[in-house]
Amino acid sequence: MKLHEFQAKDLFASYGIPVQSGVVVEEAEHIGGLALSYPVVLKAQVLVGGRGKAGGVKLASTRDDALAHARAILGMSIKGERVTRLLVAEAADIQQEYYLAFIVDRAARALTGIASAAGGIDIEEVARTAPENIARLPVDPALGFQPFHARGLGRAIGLSGAQLTDFVRIASALYRLCVAEDAELAEINPLAVTPAGWLAVDAKLILDDNAAFRHPGRPHNEELTALERDARESGLSYVELDGDIAIIGNGAGLVMSTLDIVAHFGGRPANFLDVGGGATQGNMQEAIGIVLRKPGVRTLFVNIFGGITRCDDIARGIVAAPAAVPMVVRLTGTNEDEGRAILEAAGIHAFLDPADAATRVVEITR
Ligand code: GDP
Ligand code: MN
């Protein structure tokens, strides 16, 4: 489960990690009544990153500024997430931005500390352009993250003296938090140096859902997009990704392998929907409607292996819900001949081999 920044910062504070104290508002007008000294920073509380670039983080030097920014940010949509809450805090006077995180690294089978003096910007960008600026330290779970480990990580990003001492305190606290709270990721970007000392200006925290039973009373965040919620209400399992090829399949295994085969041939799935076993014509029509509603979808790939699901039902659904984008169908299994005949009559060719179909859909998407 992802936590909102304000929730993560509350947890950070309880482990002694310095954060700006802030207030969450849902209406711009409430800012007027807050006892804040300006400048302030206004931050959209949505469960996606890159809010700054998207216009969801603004500094305001007066109350009027703050009101204007708050009105603009509340109600805007960031990567498909509607902003309904705003974190308002006294702005930090940032002198330097560092990066600090712990992540469960499955390859290393350990929580791994990651630090960089190139904070503030996207760490994936740093990893690509200047990997030498990132220090990594897998933590032996039996030994834990000892002060000498923290000092090593701090020195590796150029810290010394009092700054190093403060960094060691913050990194050790973040590690303690990860272990005690069962975090998969705890990220501070930027971890800022200010005239008043170090400050976690941003906070990202992903908690391990499998350990939720150990932490009763935690907030429950809804991480579904609006479309995912609609699909769930219709009893369909639908997940959004960020490519441009919509995918419908039947059965979790087939759908996963469809994603893989599309990626293998160089395509990028926009989303996927599993119509499940025994899908009817109606389910299929509904499925097409949902996957095509996502903005940015350019093609549709339907991959069906008929078992309990009958190919003729699927074909009727496809014909009844004509896609507004080019479509590629792979159809085989129960009642395949009837299914193909229905599609052919509507001028739709159905592939047999999933690789041929995937190649085709990637081609037409380009
Ligand atoms: P993100 O874009 O979703 O990662 O949101 P952040 O909380 O990291 O904010 C984006 C950027 O806004 C940061 O990298 C900072 O440069 C800037 N920023 C955020 N809070 C403050 C603040 O209190 N003072 C100043 N000067 N800049 C801030
Ligand atoms: Mn950030």
# chains A, B, ... in the order shown; residues from 1 in each chain; ligands from 1
$ residues_near_ligand --ligand "ligand 2" --cutoff "8 Å" --atoms "only C-alpha atoms and all ligand atoms" --output "MDAnalysis selection string"
chainID A and resid 49:52 120:122 188:190 201:204
$ write_last_selection --atoms "all heavy atoms" --output "tab-separated table (two decimals), in the first residue's frame"
chain	number	residue	atom	x	y	z
A	49	GLY	N	4.13	9.91	-8.37
A	49	GLY	CA	5.32	10.75	-8.25
A	49	GLY	C	5.34	11.85	-9.30
A	49	GLY	O	4.44	11.94	-10.13
A	50	GLY	N	6.38	12.68	-9.26
A	50	GLY	CA	6.54	13.72	-10.25
A	50	GLY	C	5.48	14.80	-10.18
A	50	GLY	O	5.11	15.40	-11.18
A	51	ARG	N	5.00	15.07	-8.95
A	51	ARG	CA	3.97	16.10	-8.79
A	51	ARG	C	4.50	17.48	-9.13
A	51	ARG	O	3.79	18.31	-9.68
A	51	ARG	CB	3.43	16.07	-7.35
A	51	ARG	CG	2.77	14.76	-6.98
A	51	ARG	CD	2.60	14.68	-5.50
A	51	ARG	NE	3.90	14.75	-4.83
A	51	ARG	CZ	4.08	15.02	-3.56
A	51	ARG	NH1	3.05	15.27	-2.78
A	51	ARG	NH2	5.29	15.06	-3.04
A	52	GLY	N	5.77	17.71	-8.77
A	52	GLY	CA	6.38	19.02	-9.02
A	52	GLY	C	6.32	19.36	-10.50
A	52	GLY	O	5.82	20.42	-10.88
A	120	GLY	N	16.50	15.51	-5.47
A	120	GLY	CA	15.54	16.46	-6.02
A	120	GLY	C	15.01	16.01	-7.36
A	120	GLY	O	13.83	16.13	-7.63
A	121	ILE	N	15.89	15.46	-8.20
A	121	ILE	CA	15.42	14.99	-9.50
A	121	ILE	C	15.13	13.50	-9.44
A	121	ILE	O	15.47	12.82	-8.48
A	121	ILE	CB	16.43	15.30	-10.62
A	121	ILE	CG1	17.83	14.89	-10.17
A	121	ILE	CG2	16.38	16.77	-10.99
A	121	ILE	CD1	18.87	15.01	-11.25
A	122	ASP	N	14.52	13.02	-10.50
A	122	ASP	CA	14.16	11.63	-10.65
A	122	ASP	C	15.40	10.73	-10.50
A	122	ASP	O	16.35	10.87	-11.24
A	122	ASP	CB	13.60	11.49	-12.07
A	122	ASP	CG	12.70	10.31	-12.19
A	122	ASP	OD1	12.56	9.60	-11.20
A	122	ASP	OD2	12.14	10.11	-13.29
A	188	ILE	N	13.21	9.39	0.52
A	188	ILE	CA	13.20	10.82	0.80
A	188	ILE	C	13.90	11.52	-0.37
A	188	ILE	O	15.11	11.40	-0.53
A	188	ILE	CB	13.94	11.15	2.11
A	188	ILE	CG1	13.43	10.27	3.27
A	188	ILE	CG2	13.78	12.62	2.45
A	188	ILE	CD1	14.19	10.50	4.58
A	189	ASN	N	13.13	12.20	-1.17
A	189	ASN	CA	13.70	12.87	-2.35
A	189	ASN	C	12.93	14.14	-2.66
A	189	ASN	O	11.86	14.08	-3.24
A	189	ASN	CB	13.68	11.95	-3.57
A	189	ASN	CG	14.44	12.55	-4.74
A	189	ASN	OD1	15.34	13.36	-4.54
A	189	ASN	ND2	14.07	12.18	-5.95
A	190	PRO	N	13.42	15.26	-2.26
A	190	PRO	CA	14.75	15.49	-1.71
A	190	PRO	C	14.82	15.40	-0.19
A	190	PRO	O	13.88	15.73	0.51
A	190	PRO	CB	15.04	16.94	-2.14
A	190	PRO	CG	13.70	17.60	-2.14
A	190	PRO	CD	12.72	16.53	-2.55
A	201	VAL	N	11.99	16.76	2.80
A	201	VAL	CA	11.05	17.66	2.13
A	201	VAL	C	9.94	16.86	1.44
A	201	VAL	O	8.82	17.29	1.31
A	201	VAL	CB	11.79	18.58	1.14
A	201	VAL	CG1	10.85	19.28	0.18
A	201	VAL	CG2	12.60	19.62	1.93
A	202	ASP	N	10.28	15.66	0.98
A	202	ASP	CA	9.28	14.79	0.36
A	202	ASP	C	9.37	13.44	1.07
A	202	ASP	O	10.38	13.13	1.70
A	202	ASP	CB	9.57	14.63	-1.14
A	202	ASP	CG	8.39	14.02	-1.90
A	202	ASP	OD1	7.33	13.80	-1.28
A	202	ASP	OD2	8.55	13.73	-3.11
A	203	ALA	N	8.31	12.66	0.98
A	203	ALA	CA	8.29	11.36	1.65
A	203	ALA	C	7.46	10.39	0.84
A	203	ALA	O	6.31	10.66	0.50
A	203	ALA	CB	7.69	11.49	3.05
A	204	LYS	N	8.08	9.29	0.48
A	204	LYS	CA	7.36	8.24	-0.23
A	204	LYS	C	7.50	6.95	0.56
A	204	LYS	O	8.61	6.58	0.94
A	204	LYS	CB	7.93	8.07	-1.64
A	204	LYS	CG	7.22	7.04	-2.47
A	204	LYS	CD	7.69	7.07	-3.91
A	204	LYS	CE	7.07	5.95	-4.71
A	204	LYS	NZ	7.59	5.91	-6.09
$ select_by_dssp --residues "stretch 67-124 of chain A" --states "helix (DSSP H, G or I)" --output "list in words"
Leu67, Ala68, His69, Ala70, Arg71, Ala72, Ile73, Ile123 and Glu124 of chain A
$ residues_near_ligand --ligand "ligand 1" --cutoff "10 Å" --atoms "only C-alpha atoms and all ligand atoms" --output "NGL selection string"
:A and (5 or 19-20 or 39-60 or 88-98 or 119-122 or 188-192 or 194 or 199-204)
$ select_by_dssp --residues "stretch 108-310 of chain A" --states "strand (DSSP E)" --output "PyMOL selection string"
chain A and resi 110-116+134-138+183-194+197-200+204-207+237-240+245-249+269-274+299-306
$ closest_residue --among "A:Ala110, A:Ala130, A:Ala117, A:Leu227" --to "A:Gly80" --atoms "only C-alpha atoms"
A:Leu227
$ closest_atom_pairs --of "stretch 239-270 of chain A" --to "stretch 211-224 of chain A" --cutoff "12 Å" --atoms "only C-alpha atoms" --output "JSON lines"
{"residue": "A:Val239", "atom": "CA", "partner": "A:Leu224", "partner_atom": "CA", "distance": 8.5}
{"residue": "A:Glu240", "atom": "CA", "partner": "A:Leu224", "partner_atom": "CA", "distance": 9.0}
{"residue": "A:Leu241", "atom": "CA", "partner": "A:Leu224", "partner_atom": "CA", "distance": 11.8}
$ closest_residue --among "A:Asp208, A:Asp105, A:Glu27, A:Asp230" --to "A:Gly289" --atoms "only C-alpha atoms"
A:Asp230
$ atom_distance --atom1 "atom CA of A:Leu36" --atom2 "atom CA of A:Asp65"
13.5 Å
$ residues_around --residues "stretch 363-365 of chain A" --least-positions-apart "2" --cutoff "10 Å" --atoms "only C-alpha atoms" --output "CSV table (one decimal) with N, CA, C and O atoms, in the first residue's frame"
chain,number,residue,atom,x,y,z
A,244,ASP,N,0.2,2.0,-25.0
A,244,ASP,CA,-0.8,2.5,-25.9
A,244,ASP,C,-1.6,1.3,-26.5
A,244,ASP,O,-2.5,1.5,-27.4
A,245,ILE,N,-1.3,0.1,-26.1
A,245,ILE,CA,-2.0,-1.1,-26.7
A,245,ILE,C,-3.0,-1.7,-25.6
A,245,ILE,O,-2.5,-2.1,-24.5
A,265,PHE,N,7.8,-8.1,-28.4
A,265,PHE,CA,7.9,-7.6,-29.8
A,265,PHE,C,7.9,-6.1,-29.9
A,265,PHE,O,7.8,-5.5,-30.9
A,266,GLY,N,8.2,-5.5,-28.7
A,266,GLY,CA,8.4,-4.0,-28.7
A,266,GLY,C,7.2,-3.2,-28.5
A,266,GLY,O,7.3,-1.9,-28.7
A,267,GLY,N,6.1,-3.7,-28.1
A,267,GLY,CA,4.9,-3.0,-27.8
A,267,GLY,C,4.8,-2.6,-26.3
A,267,GLY,O,5.5,-3.2,-25.5
A,268,ARG,N,3.9,-1.6,-26.0
A,268,ARG,CA,3.7,-1.2,-24.7
A,268,ARG,C,2.2,-1.3,-24.3
A,268,ARG,O,1.4,-0.5,-24.8
A,297,VAL,N,-5.0,5.1,-25.7
A,297,VAL,CA,-5.1,3.8,-26.3
A,297,VAL,C,-5.1,3.9,-27.8
A,297,VAL,O,-6.0,4.7,-28.4
A,298,ARG,N,-4.2,3.3,-28.6
A,298,ARG,CA,-4.2,3.4,-30.0
A,298,ARG,C,-4.6,2.1,-30.8
A,298,ARG,O,-5.0,2.2,-31.9
A,299,THR,N,-4.5,1.0,-30.1
A,299,THR,CA,-4.9,-0.3,-30.7
A,299,THR,C,-5.4,-1.2,-29.7
A,299,THR,O,-5.2,-1.0,-28.5
A,300,LEU,N,-6.1,-2.2,-30.1
A,300,LEU,CA,-6.7,-3.2,-29.2
A,300,LEU,C,-6.2,-4.6,-29.6
A,300,LEU,O,-6.2,-5.0,-30.8
A,325,VAL,N,-10.7,1.8,-32.5
A,325,VAL,CA,-9.3,1.8,-32.9
A,325,VAL,C,-9.0,0.5,-33.6
A,325,VAL,O,-9.8,-0.4,-33.5
A,326,PRO,N,-7.9,0.5,-34.4
A,326,PRO,CA,-7.5,-0.8,-35.0
A,326,PRO,C,-7.4,-1.9,-34.0
A,326,PRO,O,-6.9,-1.7,-32.9
A,327,MET,N,-7.8,-3.1,-34.5
A,327,MET,CA,-7.9,-4.2,-33.5
A,327,MET,C,-7.2,-5.5,-34.1
A,327,MET,O,-7.3,-5.7,-35.3
A,328,VAL,N,-6.6,-6.3,-33.3
A,328,VAL,CA,-6.0,-7.5,-33.7
A,328,VAL,C,-6.6,-8.6,-32.8
A,328,VAL,O,-6.6,-8.4,-31.5
A,357,ALA,N,0.0,-12.6,-33.9
A,357,ALA,CA,-1.0,-11.6,-33.6
A,357,ALA,C,-0.2,-10.4,-32.9
A,357,ALA,O,-0.5,-9.2,-33.2
A,358,ALA,N,0.7,-10.8,-31.9
A,358,ALA,CA,1.4,-9.7,-31.2
A,358,ALA,C,2.3,-8.9,-32.2
A,358,ALA,O,2.3,-7.7,-32.1
A,359,THR,N,2.9,-9.6,-33.1
A,359,THR,CA,3.8,-8.9,-34.1
A,359,THR,C,2.9,-7.9,-34.8
A,359,THR,O,3.3,-6.7,-35.0
A,360,ARG,N,1.7,-8.4,-35.2
A,360,ARG,CA,0.8,-7.5,-36.0
A,360,ARG,C,0.4,-6.3,-35.2
A,360,ARG,O,0.4,-5.2,-35.7
A,361,VAL,N,0.0,-6.5,-34.0
A,361,VAL,CA,-0.6,-5.4,-33.2
A,361,VAL,C,0.5,-4.3,-32.9
A,361,VAL,O,0.3,-3.1,-33.0
$ closest_atom_pairs --of "stretch 45-103 of chain A" --to "stretch 131-152 of chain A" --cutoff "12 Å" --atoms "only C-alpha atoms" --output "Markdown table"
| residue | atom | partner | partner_atom | distance |
| --- | --- | --- | --- | --- |
| A:Tyr98 | CA | A:Ile134 | CA | 10.5 |
| A:Tyr99 | CA | A:Ile134 | CA | 8.9 |
| A:Leu100 | CA | A:Ala135 | CA | 9.6 |
| A:Ala101 | CA | A:Arg136 | CA | 9.6 |
| A:Phe102 | CA | A:Pro138 | CA | 9.2 |
| A:Ile103 | CA | A:Pro138 | CA | 9.3 |
$ closest_residue --among "A:Asp242, A:Asp209, A:Asp274, A:Glu124" --to "A:Lys294" --atoms "only C-alpha atoms"
A:Asp242
$ atom_distance --atom1 "atom CA of A:Ile308" --atom2 "atom CA of A:Gly278"
5.0 Å
$ residues_around --residues "A:Gly347" --least-positions-apart "3" --cutoff "12 Å" --atoms "only C-alpha atoms" --output "number ranges by chain"
A: 315, 318-319, 322, 327-329, 340-344, 350
$ residues_around --residues "A:Arg71" --least-positions-apart "2" --cutoff "12 Å" --atoms "only C-alpha atoms" --output "compact mmCIF listing (two decimals) with all heavy atoms, in the first residue's frame"
# COMPACT_ATOMS: atom_id res chain seq x y z
N VAL A 25 -5.49 20.39 3.76
CA VAL A 25 -6.79 21.06 3.52
C VAL A 25 -7.46 20.46 2.29
O VAL A 25 -6.79 19.96 1.38
CB VAL A 25 -6.64 22.59 3.32
CG1 VAL A 25 -6.07 23.25 4.56
CG2 VAL A 25 -5.80 22.91 2.10
N GLU A 26 -8.78 20.52 2.31
CA GLU A 26 -9.53 20.05 1.14
C GLU A 26 -10.18 21.21 0.41
O GLU A 26 -10.70 21.04 -0.68
CB GLU A 26 -10.59 19.03 1.59
CG GLU A 26 -9.93 17.75 2.09
CD GLU A 26 -10.90 16.69 2.54
OE1 GLU A 26 -12.12 16.91 2.43
OE2 GLU A 26 -10.43 15.64 3.02
N GLU A 27 -10.16 22.38 1.05
CA GLU A 27 -10.71 23.57 0.39
C GLU A 27 -9.73 24.71 0.48
O GLU A 27 -9.17 24.97 1.55
CB GLU A 27 -12.03 23.96 1.05
CG GLU A 27 -13.20 23.12 0.55
CD GLU A 27 -14.43 23.30 1.42
OE1 GLU A 27 -14.84 24.45 1.58
OE2 GLU A 27 -14.92 22.29 1.93
N ALA A 28 -9.54 25.38 -0.66
CA ALA A 28 -8.56 26.46 -0.73
C ALA A 28 -8.82 27.51 0.35
O ALA A 28 -7.88 28.00 0.99
CB ALA A 28 -8.61 27.11 -2.11
N GLU A 29 -10.09 27.82 0.60
CA GLU A 29 -10.44 28.90 1.52
C GLU A 29 -9.94 28.64 2.95
O GLU A 29 -9.74 29.57 3.71
CB GLU A 29 -11.96 29.13 1.54
CG GLU A 29 -12.47 29.92 0.33
CD GLU A 29 -12.14 29.27 -1.02
OE1 GLU A 29 -12.24 28.03 -1.12
OE2 GLU A 29 -11.75 30.00 -1.95
N HIS A 30 -9.72 27.37 3.28
CA HIS A 30 -9.25 27.06 4.64
C HIS A 30 -7.82 27.54 4.91
O HIS A 30 -7.40 27.63 6.05
CB HIS A 30 -9.35 25.55 4.91
CG HIS A 30 -10.77 25.08 5.01
ND1 HIS A 30 -11.14 23.78 5.01
CD2 HIS A 30 -11.93 25.79 5.08
CE1 HIS A 30 -12.45 23.68 5.09
NE2 HIS A 30 -12.95 24.89 5.13
N ILE A 31 -7.10 27.84 3.83
CA ILE A 31 -5.71 28.28 4.00
C ILE A 31 -5.65 29.62 4.72
O ILE A 31 -4.75 29.86 5.54
CB ILE A 31 -5.01 28.36 2.63
CG1 ILE A 31 -4.82 26.94 2.09
CG2 ILE A 31 -3.67 29.07 2.74
CD1 ILE A 31 -4.30 26.89 0.69
N LEU A 42 2.68 24.40 -1.26
CA LEU A 42 1.39 23.73 -1.40
C LEU A 42 1.62 22.47 -2.22
O LEU A 42 2.20 22.55 -3.31
CB LEU A 42 0.41 24.63 -2.14
CG LEU A 42 0.20 25.98 -1.47
CD1 LEU A 42 -0.03 27.06 -2.50
CD2 LEU A 42 -0.95 25.91 -0.50
N LYS A 43 1.20 21.33 -1.72
CA LYS A 43 1.53 20.08 -2.40
C LYS A 43 0.32 19.17 -2.57
O LYS A 43 -0.32 18.79 -1.59
CB LYS A 43 2.62 19.35 -1.62
CG LYS A 43 3.80 20.26 -1.27
CD LYS A 43 4.86 19.55 -0.47
CE LYS A 43 5.72 18.70 -1.38
NZ LYS A 43 6.82 18.07 -0.62
N ALA A 44 0.05 18.83 -3.82
CA ALA A 44 -1.04 17.91 -4.13
C ALA A 44 -0.79 16.57 -3.46
O ALA A 44 0.32 16.04 -3.53
CB ALA A 44 -1.13 17.71 -5.64
N GLY A 56 1.89 20.25 -9.48
CA GLY A 56 1.18 19.95 -8.24
C GLY A 56 1.91 20.39 -6.98
O GLY A 56 1.45 20.13 -5.87
N LYS A 58 3.67 23.95 -5.44
CA LYS A 58 3.90 25.37 -5.70
C LYS A 58 4.31 26.10 -4.44
O LYS A 58 3.79 25.84 -3.35
CB LYS A 58 2.61 26.03 -6.23
CG LYS A 58 2.17 25.55 -7.60
CD LYS A 58 3.02 26.14 -8.71
CE LYS A 58 2.51 25.65 -10.07
NZ LYS A 58 3.48 25.89 -11.14
N ASP A 64 -2.56 35.53 -0.70
CA ASP A 64 -3.29 35.57 -1.98
C ASP A 64 -2.71 34.60 -2.99
O ASP A 64 -3.44 33.89 -3.68
CB ASP A 64 -3.29 36.99 -2.56
CG ASP A 64 -4.22 37.92 -1.77
OD1 ASP A 64 -5.05 37.38 -0.98
OD2 ASP A 64 -4.10 39.14 -1.93
N ASP A 65 -1.35 34.58 -3.04
CA ASP A 65 -0.66 33.61 -3.90
C ASP A 65 -1.09 32.19 -3.55
O ASP A 65 -1.39 31.37 -4.41
CB ASP A 65 0.85 33.64 -3.60
CG ASP A 65 1.59 34.55 -4.55
OD1 ASP A 65 0.90 35.25 -5.31
OD2 ASP A 65 2.84 34.53 -4.52
N ALA A 66 -1.07 31.92 -2.25
CA ALA A 66 -1.38 30.57 -1.77
C ALA A 66 -2.80 30.18 -2.16
O ALA A 66 -3.04 29.07 -2.63
CB ALA A 66 -1.20 30.49 -0.25
N LEU A 67 -3.73 31.11 -1.99
CA LEU A 67 -5.13 30.83 -2.35
C LEU A 67 -5.25 30.53 -3.84
O LEU A 67 -5.93 29.58 -4.24
CB LEU A 67 -6.01 32.03 -1.99
CG LEU A 67 -6.44 32.09 -0.52
CD1 LEU A 67 -7.09 33.43 -0.20
CD2 LEU A 67 -7.42 30.95 -0.23
N ALA A 68 -4.57 31.35 -4.66
CA ALA A 68 -4.66 31.17 -6.11
C ALA A 68 -4.08 29.80 -6.51
O ALA A 68 -4.70 29.06 -7.29
CB ALA A 68 -3.91 32.29 -6.82
N HIS A 69 -2.92 29.45 -5.95
CA HIS A 69 -2.31 28.16 -6.28
C HIS A 69 -3.20 27.02 -5.79
O HIS A 69 -3.38 26.02 -6.48
CB HIS A 69 -0.93 28.03 -5.64
CG HIS A 69 0.13 28.80 -6.36
ND1 HIS A 69 0.32 28.70 -7.72
CD2 HIS A 69 1.07 29.68 -5.92
CE1 HIS A 69 1.32 29.48 -8.08
NE2 HIS A 69 1.79 30.09 -7.01
N ILE A 73 -4.58 23.93 -7.92
CA ILE A 73 -4.13 22.53 -7.72
C ILE A 73 -5.29 21.62 -7.32
O ILE A 73 -5.41 20.50 -7.81
CB ILE A 73 -3.00 22.46 -6.66
CG1 ILE A 73 -1.79 23.26 -7.11
CG2 ILE A 73 -2.59 21.01 -6.42
CD1 ILE A 73 -0.69 23.39 -6.07
N LEU A 74 -6.15 22.12 -6.41
CA LEU A 74 -7.30 21.30 -6.00
C LEU A 74 -8.22 21.11 -7.20
O LEU A 74 -8.64 22.08 -7.81
CB LEU A 74 -8.06 21.97 -4.85
CG LEU A 74 -7.42 21.83 -3.46
CD1 LEU A 74 -8.09 22.76 -2.47
CD2 LEU A 74 -7.48 20.39 -2.97
N GLY A 75 -8.47 19.89 -7.55
CA GLY A 75 -9.33 19.64 -8.71
C GLY A 75 -8.56 19.35 -9.96
O GLY A 75 -9.12 18.84 -10.93
N MET A 76 -7.25 19.68 -9.98
CA MET A 76 -6.49 19.31 -11.17
C MET A 76 -6.25 17.80 -11.13
O MET A 76 -6.51 17.14 -10.12
CB MET A 76 -5.18 20.09 -11.30
CG MET A 76 -4.04 19.65 -10.41
SD MET A 76 -2.62 20.78 -10.52
CE MET A 76 -1.73 20.09 -11.87
N VAL A 83 -6.89 15.60 -7.69
CA VAL A 83 -6.37 16.12 -6.42
C VAL A 83 -7.53 16.61 -5.55
O VAL A 83 -8.26 17.52 -5.94
CB VAL A 83 -5.39 17.29 -6.64
CG1 VAL A 83 -4.82 17.77 -5.30
CG2 VAL A 83 -4.27 16.88 -7.59
N THR A 84 -7.70 15.99 -4.39
CA THR A 84 -8.76 16.42 -3.48
C THR A 84 -8.18 16.96 -2.18
O THR A 84 -8.88 17.54 -1.37
CB THR A 84 -9.71 15.26 -3.14
OG1 THR A 84 -8.95 14.21 -2.53
CG2 THR A 84 -10.41 14.72 -4.38
N ARG A 85 -6.88 16.72 -1.97
CA ARG A 85 -6.25 17.19 -0.72
C ARG A 85 -4.92 17.87 -1.01
O ARG A 85 -4.20 17.47 -1.92
CB ARG A 85 -6.02 16.00 0.22
CG ARG A 85 -7.28 15.60 0.93
CD ARG A 85 -7.03 14.46 1.87
NE ARG A 85 -6.76 13.24 1.14
CZ ARG A 85 -6.85 12.03 1.68
NH1 ARG A 85 -7.17 11.90 2.95
NH2 ARG A 85 -6.60 10.96 0.96
N LEU A 86 -4.65 18.84 -0.18
CA LEU A 86 -3.45 19.65 -0.35
C LEU A 86 -2.70 19.70 0.97
O LEU A 86 -3.30 19.94 2.02
CB LEU A 86 -3.94 21.06 -0.71
CG LEU A 86 -3.09 21.97 -1.56
CD1 LEU A 86 -2.75 21.31 -2.88
CD2 LEU A 86 -3.87 23.25 -1.82
$ residues_around --residues "A:Gly317" --least-positions-apart "2" --cutoff "9 Å" --atoms "only C-alpha atoms" --output "short mmCIF file (atom, residue, chain, number, x, y, z; two decimals) with all heavy atoms, in the first residue's frame"
data_model
loop_
_atom_site.label_atom_id
_atom_site.label_comp_id
_atom_site.auth_asym_id
_atom_site.auth_seq_id
_atom_site.Cartn_x
_atom_site.Cartn_y
_atom_site.Cartn_z
N THR A 280 -19.25 -14.10 -21.40
CA THR A 280 -20.37 -14.06 -22.35
C THR A 280 -20.14 -12.94 -23.36
O THR A 280 -19.22 -12.14 -23.21
CB THR A 280 -21.67 -13.73 -21.61
OG1 THR A 280 -21.52 -12.43 -21.01
CG2 THR A 280 -21.97 -14.76 -20.52
N GLN A 281 -21.04 -12.90 -24.34
CA GLN A 281 -21.01 -11.82 -25.32
C GLN A 281 -21.08 -10.47 -24.61
O GLN A 281 -20.35 -9.54 -24.93
CB GLN A 281 -22.20 -11.98 -26.28
CG GLN A 281 -22.37 -10.79 -27.20
CD GLN A 281 -23.60 -10.93 -28.09
OE1 GLN A 281 -24.11 -12.03 -28.31
NE2 GLN A 281 -24.07 -9.81 -28.60
N GLY A 282 -21.95 -10.40 -23.61
CA GLY A 282 -22.12 -9.14 -22.86
C GLY A 282 -20.85 -8.73 -22.13
O GLY A 282 -20.45 -7.56 -22.16
N ASN A 283 -20.18 -9.70 -21.49
CA ASN A 283 -18.91 -9.40 -20.79
C ASN A 283 -17.89 -8.82 -21.77
O ASN A 283 -17.17 -7.89 -21.45
CB ASN A 283 -18.29 -10.68 -20.19
CG ASN A 283 -19.13 -11.28 -19.07
OD1 ASN A 283 -19.19 -12.50 -18.93
ND2 ASN A 283 -19.77 -10.43 -18.28
N MET A 284 -17.87 -9.45 -22.96
CA MET A 284 -16.88 -9.04 -23.96
C MET A 284 -17.16 -7.61 -24.43
O MET A 284 -16.24 -6.80 -24.55
CB MET A 284 -16.95 -10.03 -25.13
CG MET A 284 -15.79 -9.94 -26.06
SD MET A 284 -14.22 -10.25 -25.22
CE MET A 284 -13.13 -9.43 -26.35
N GLN A 285 -18.43 -7.30 -24.67
CA GLN A 285 -18.80 -5.94 -25.09
C GLN A 285 -18.36 -4.93 -24.03
O GLN A 285 -17.79 -3.90 -24.33
CB GLN A 285 -20.32 -5.83 -25.27
CG GLN A 285 -20.80 -6.36 -26.59
CD GLN A 285 -22.33 -6.39 -26.64
OE1 GLN A 285 -22.92 -7.46 -26.58
NE2 GLN A 285 -22.94 -5.21 -26.72
N GLU A 286 -18.69 -5.26 -22.77
CA GLU A 286 -18.36 -4.37 -21.66
C GLU A 286 -16.84 -4.18 -21.56
O GLU A 286 -16.35 -3.08 -21.34
CB GLU A 286 -18.90 -5.01 -20.37
CG GLU A 286 -19.12 -4.06 -19.26
CD GLU A 286 -19.84 -4.75 -18.09
OE1 GLU A 286 -20.04 -5.99 -18.13
OE2 GLU A 286 -20.18 -4.04 -17.15
N ILE A 288 -14.56 -4.41 -23.90
CA ILE A 288 -14.03 -3.54 -24.97
C ILE A 288 -14.30 -2.08 -24.61
O ILE A 288 -13.44 -1.21 -24.75
CB ILE A 288 -14.66 -3.92 -26.34
CG1 ILE A 288 -14.18 -5.31 -26.75
CG2 ILE A 288 -14.30 -2.88 -27.40
CD1 ILE A 288 -14.83 -5.87 -28.01
N ASP A 312 -17.41 -18.42 -30.06
CA ASP A 312 -18.51 -17.75 -30.77
C ASP A 312 -19.11 -16.64 -29.92
O ASP A 312 -19.47 -15.58 -30.43
CB ASP A 312 -19.58 -18.77 -31.23
CG ASP A 312 -20.12 -19.61 -30.08
OD1 ASP A 312 -19.35 -19.99 -29.19
OD2 ASP A 312 -21.34 -19.89 -30.08
N ASP A 313 -19.19 -16.86 -28.58
CA ASP A 313 -19.67 -15.79 -27.69
C ASP A 313 -18.75 -14.57 -27.76
O ASP A 313 -19.20 -13.43 -27.86
CB ASP A 313 -19.70 -16.27 -26.23
CG ASP A 313 -20.88 -17.20 -25.96
OD1 ASP A 313 -21.87 -17.13 -26.73
OD2 ASP A 313 -20.79 -17.99 -25.00
N ILE A 314 -17.44 -14.86 -27.71
CA ILE A 314 -16.44 -13.78 -27.78
C ILE A 314 -16.59 -13.03 -29.09
O ILE A 314 -16.62 -11.79 -29.13
CB ILE A 314 -15.01 -14.36 -27.65
CG1 ILE A 314 -14.82 -15.00 -26.26
CG2 ILE A 314 -13.96 -13.31 -27.94
CD1 ILE A 314 -14.79 -14.03 -25.10
N ALA A 315 -16.69 -13.79 -30.20
CA ALA A 315 -16.79 -13.16 -31.52
C ALA A 315 -18.03 -12.28 -31.60
O ALA A 315 -17.98 -11.17 -32.13
CB ALA A 315 -16.81 -14.23 -32.60
N VAL A 319 -18.07 -8.25 -32.38
CA VAL A 319 -18.82 -7.67 -33.50
C VAL A 319 -19.85 -6.65 -32.99
O VAL A 319 -20.11 -5.63 -33.62
CB VAL A 319 -19.49 -8.78 -34.33
CG1 VAL A 319 -20.43 -8.20 -35.38
CG2 VAL A 319 -18.43 -9.67 -34.99
N ALA A 320 -20.40 -6.92 -31.80
CA ALA A 320 -21.43 -6.04 -31.26
C ALA A 320 -20.87 -4.75 -30.67
O ALA A 320 -21.60 -3.80 -30.46
CB ALA A 320 -22.23 -6.79 -30.18
N ALA A 321 -19.57 -4.75 -30.35
CA ALA A 321 -18.97 -3.55 -29.77
C ALA A 321 -17.80 -3.13 -30.64
O ALA A 321 -16.65 -3.28 -30.27
CB ALA A 321 -18.48 -3.83 -28.34
N PRO A 322 -18.10 -2.60 -31.83
CA PRO A 322 -17.01 -2.30 -32.76
C PRO A 322 -16.02 -1.32 -32.14
O PRO A 322 -16.42 -0.29 -31.60
CB PRO A 322 -17.72 -1.69 -33.97
CG PRO A 322 -19.12 -1.43 -33.56
CD PRO A 322 -19.40 -2.14 -32.29
#
